[in-house]
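Engineer: Just dropping this structure here.
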Amino acid sequence: MRRNLSGRKYIIIAIFIVVAVIFVARLLYLQVIDDSYLLSAENNVLRKNTIYPNRGLIYDKNGKLLVYDEAAYDLMVIPRKVKTIDTVEFCSLLGITDSVFISKMTKAKKYSRYKSSLFLAQISKEDFGFLAEKLYKYPGFFVRSRSLRKYPKPIAAHILGYIAEVNNNEINTNPYYSSGDYIGKSGIEKFYEKELRGKKGVQVVMVDVHNRQQGSYKNGKYDSIAEAGKNLYLTIDADLQEYAEKLMVNKIGSIVVIDPKTGGILTFVTSPTYDPNLLVGRVRSKNFQMLMKDSLKPLLNRAIMGTYPPGSTFKVVNALVGLQEGVLHEGTSYSCNGPQTTPIRCTHHHITPLQLKMGIEQSCNPYFWNVFRSIINNPKYNSVEKAFGSWRKDVTSMGFGKKFNTDIPFEKPGSIPTLDLYNKIYGKGHWNALTIRSLAIGQGEILVTPLQMANFSAVIANKGFYYPPHLVTAIGSKENKIPRFHEKQMTEIEEKYFDVVQEAMLNVFEGEHGTARWSKLEGVKIGGKTGTVQNPHGKDHSMFIAFAPVGDPKIAMSVIIENSGYGSTWAAPIASLLIEKYLNDTIVRKHIEKRMLDGNLISRE
Amino acid sequence: MRNRGNIFQNIDRVTILLYFLLVFVGWINIYAAVYNDEHQSILDMSQNYGKQLIWISTSIILILVIFLIEAKFFSTFSYVIYFLMVLVLIAVLLVGKEIAGSKSWFQIGSFSIQPAEFAKFATALALAKYLSQIDVDITRLKTKLFAGFIIFAPAALILLQHDTGSAMVFVAFALVLFREGLSGSLLVLGFVLAVLFILALLINKFILIGILAVFTVLVYVLNKRLRKKYMIITGLFLMAAVYILSVDFAFENILEPHQKNRINVLLGKKKDPHGVGYNVHQSVIAIGSGGFSGKGFLKGTQTKYDFVPEQSTDFIFCTIGEEWGFVGTFVLILLFVALLIRLVILAERQRSRFSRIYGYGVASVIFFHFAVNIGMTIGLFPVIGIPLPFISYGGSSLWAFTVLLFIFVKLDSVRMDLL
Ligand SMILES: [Zn+2]
């Protein structure tokens, strides 16, 4: 039968008693024997003073300061200590209304009567001067010093991003933050939040019942020193950035300029943009609302979040794939019947039949339909699906259809259609080159971001490889580079196939029929390709990719101007001016510059 | 079938007295913890102490309801109650409200209810029901597995709500199993595993395995009797080594950062006076500053500013320690031990196995809360957010502990009627 287990009750009771004895012993030690916790007879209490470190500074590639901190003050309140005060005077001192005062007090009381809450954030140095003299009249209120971000030049708002107070969700998910702290919300302020913010310090002090400081607690044993945030060194060239933003005034679109030798982004413009100083301090939320409501969406970062069908610029991609897959050669020639050609008509007038270089230069649709068909019907792969898979692999190796995942938050991957997509739309085995022919000319299911186009331009400039485009080159000191950004990414396309493409792109500027011949820059060999992005909602967008100098590339870019029609009218001259600025530093072609600066392509309804 | 007429006949007065003493101590200390000049009335319903009075009154109603219910109901419907509770735990995962990082609350109007608190008594009932069956023998593997399943199903659901503390409470039922015949060596094994766990985090895993290896060799060399069992000894050693490695792996890869932090701070591996460790340090200062006789009622200073977190809930013990000193904390611990021992005595005098096992369930759960909560506030355990029974502010917790305790008081009051 069963064992007699009732003896076990003694073991259980013994466990209870042992734990209780341990607790009593510990409490005896804490409360009676160890007197280090006894605070002095005047009933001193401890107070935690948070010491806020300076946020890291941000420099451009040439050491120009882009962002720094300026002193500001937060007005804090401990509701329990607030006595009856002259609210009228107090409100006028702060420049707030009576109802704001009441709502802020209510909020503070709701949070805690004993703990300090933020009453009024980010009072500037000037306003604080007046306040400081009178503050003694208002018990319960005190200031803590904070800092505000300042931008010496009103540029690069989308790159830098902005900081704002942490929200409840951020406080709950990350114990580092407490109410009133700032956190990077977008751009590199967000991505490099950890590096920039530094580390808060705490000073534990004893205060008496009148809240007067009595000195540090236990000789600062529990204090910690604030650590300043680390400085960041960008790849951005502030002068070029500023110039590009100027050129884009009154135009919608984006410019991304990359140093092909490093992948560092030299210029990153999305337009319309805004002055980063607008999103600082007490005016932040008001201005933010205003920018949110703007129909031109100045907060949208078109360079990474705008996705466009690449149009004719994508023909260069198909040319490279065709060459690599062995179905296209420099001398491959196809005929073009102009507007009568099937299945895709031609929009240009040129000689026929024509070869690859001329095909690129003249952006001949029928030529690239033939190229694409030969890629998809490549006998090497005995099936459309396999050939398509290979096409897709080649295309994505050039940076399309995926995020670079470097240091640009909210980047979109764009889209290169998959096998599954077409099998789903048309059914397995029910599609072929003809079905998906729009891919030949960069239309259809392809979407790319301006950043990806700029990177593609760098791929051509480098003849087959790229470094992931990024914004920050070093953290803390200029020498402390980020290794992950300097890993060379090889594409599927071999170096030798780029020569003919580069020559064709050079002809876009230099050839007598080149589409960008009016934007040619004396003494600099530029390779480029225009494209028109069909826009069902209005005038077409123009797209342009360019790199220079051919042979020893120092700059590669993409320019997209929305609703501007042909690439040659706006996008190409802007690209050419940027190259001139970057390589020669001075602009000689003042007439082109003037036309670009004055151009207004925005029609507000 | 005597005394059917009076439902209050035969109730255990000692338990009732201890219950009301603890609840009262809780209420006045909640008042002290959140006391402020503007809301001096202890009946102010906008403050935690006013609200706690509502919880106390409703708890008394709950007690009356429990006394009115036929005692048989609890054993007959224990599986049903348990099953419903599991459903509620699943429901809270789907439609619950997230408070402070755990999705474990139902919001009804302005009140929040935490079902995890009530899962404890339901589990105690189901476990008692299962183990009290005639043909159930705890020494059999099948029984152990099934009992384990009853315990860990709700625990797992609570863990999914990110309420690690409440989930851990279910470990307490090991004591019940022990009383019902689970081999004591299993408890010892559990203890050894816990010690190895802490050592594995404190000491480099390879050094620890090395020490164990030397120890194993020593046992082998020195003890002739054990030498014959070298297979078992080597096996144990290998298991310990695998365990240490997997603890290390689990710690690095499975625990969430804040949990890792808490453990690291407690083990002294990480100096972090302003994060998790800072709270514990402040709690210890508050208690320590109470001295022998305390600063006096409402005179505490440390617990009134932003030093001690959750001062009326999980850290209520700080207020008691600060204002009532060692005298107060000693008396409180005495009250708890008295209650726990009383519960064991009551459990042992039951004729029905069901009542006895349930009684041990009650004692185990209260003990676990008591040990972990006070251990946390005096810096002996990691910060695990579970309330101090009957003392901490909170409706769910007070109701749940009241129900847990008084079902047993009811069962005890009819112990003569059964069989
Ligand atoms: Zn043509």
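Ordered as shown in the structure tokens, chains take letters A, B, and onward, while each chain numbers its residues from 1 and ligands are numbered from 1 in the order shown.
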Around ligand 1, which protein and nucleic acid residues have at least one atom no more than 8 Å from it, if we count only C-alpha atoms and all ligand atoms? List them as a PyMOL selection string.

Structural biologist: chain A and resi 335-338+345-350+352+359+362-367

Engineer: Can you list, as JSON, numbers by chain, every protein, DNA or RNA residue that comes within 9 Å of region 56-62 of chain B when you count only C-alpha atoms, leaving out same-chain residues fewer than 6 positions away?

Structural biologist: {"B": [23, 27, 395, 398, 399, 402, 403, 406]}

Engineer: Hey, what does DSSP flag as strand (DSSP E) within region 540-605 of chain A? Can you give it to me as a list in words?

Structural biologist: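 Here is the list: His541, Ser542, Met543, Phe544, Ile545, Ala546, Phe547, Ala548, Ile555, Ala556, Met557, Ser558, Val559, Ile560 and Ile561 of chain A.
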
Engineer: Which of region 364-448 of chain A counts as helix (DSSP H, G or I) under DSSP, as a PyMOL selection string please?

Structural biologist: chain A and resi 365-376+379-381+384-396+419-426+437-441

Engineer: Could you give me, as a VMD selection string, the residues within 10 Å of Val176 (chain B), counting only C-alpha atoms and dropping anything in the same chain fewer than 5 positions from it?

Structural biologist: (chain A and resid 12) or (chain B and resid 124 127 to 128 131 181 to 182 356 to 365)

Engineer: Kindly indicate which residue among B:Ile316, B:Leu187, B:Val14, B:Leu236 lies nearest to chain A, using only C-alpha atoms for the distances.

Structural biologist: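 Once distances to chain A are computed over only C-alpha atoms, the minimum belongs to B:Leu187.
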
Engineer: Select, from B:Gly379, B:Met231, B:Lys97, B:Phe111, the residue with the minimum atom-to-atom distance to Gly288 (chain B), counting only C-alpha atoms.

Structural biologist: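 Using only C-alpha atoms, the shortest distance to Gly288 (chain B) belongs to B:Gly379.
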
Engineer: Got a sec: who's within 9 Å of region 534-550 of chain A, counting only C-alpha atoms, leaving out chain neighbours fewer than 2 positions off, as a VMD selection string?

Structural biologist: chain A and resid 253 260 309 to 313 443 450 453 to 454 456 to 458 460 to 461 502 to 503 505 to 506 524 to 532 552 to 572 575 to 576 579 583

Engineer: Please, what distance in Å, to one decimal, runs between CA of Ile408 (chain A) and CA of Asn250 (chain A)?

Structural biologist: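 Between CA of Ile408 (chain A) and CA of Asn250 (chain A) the gap works out to 25.1 Å.
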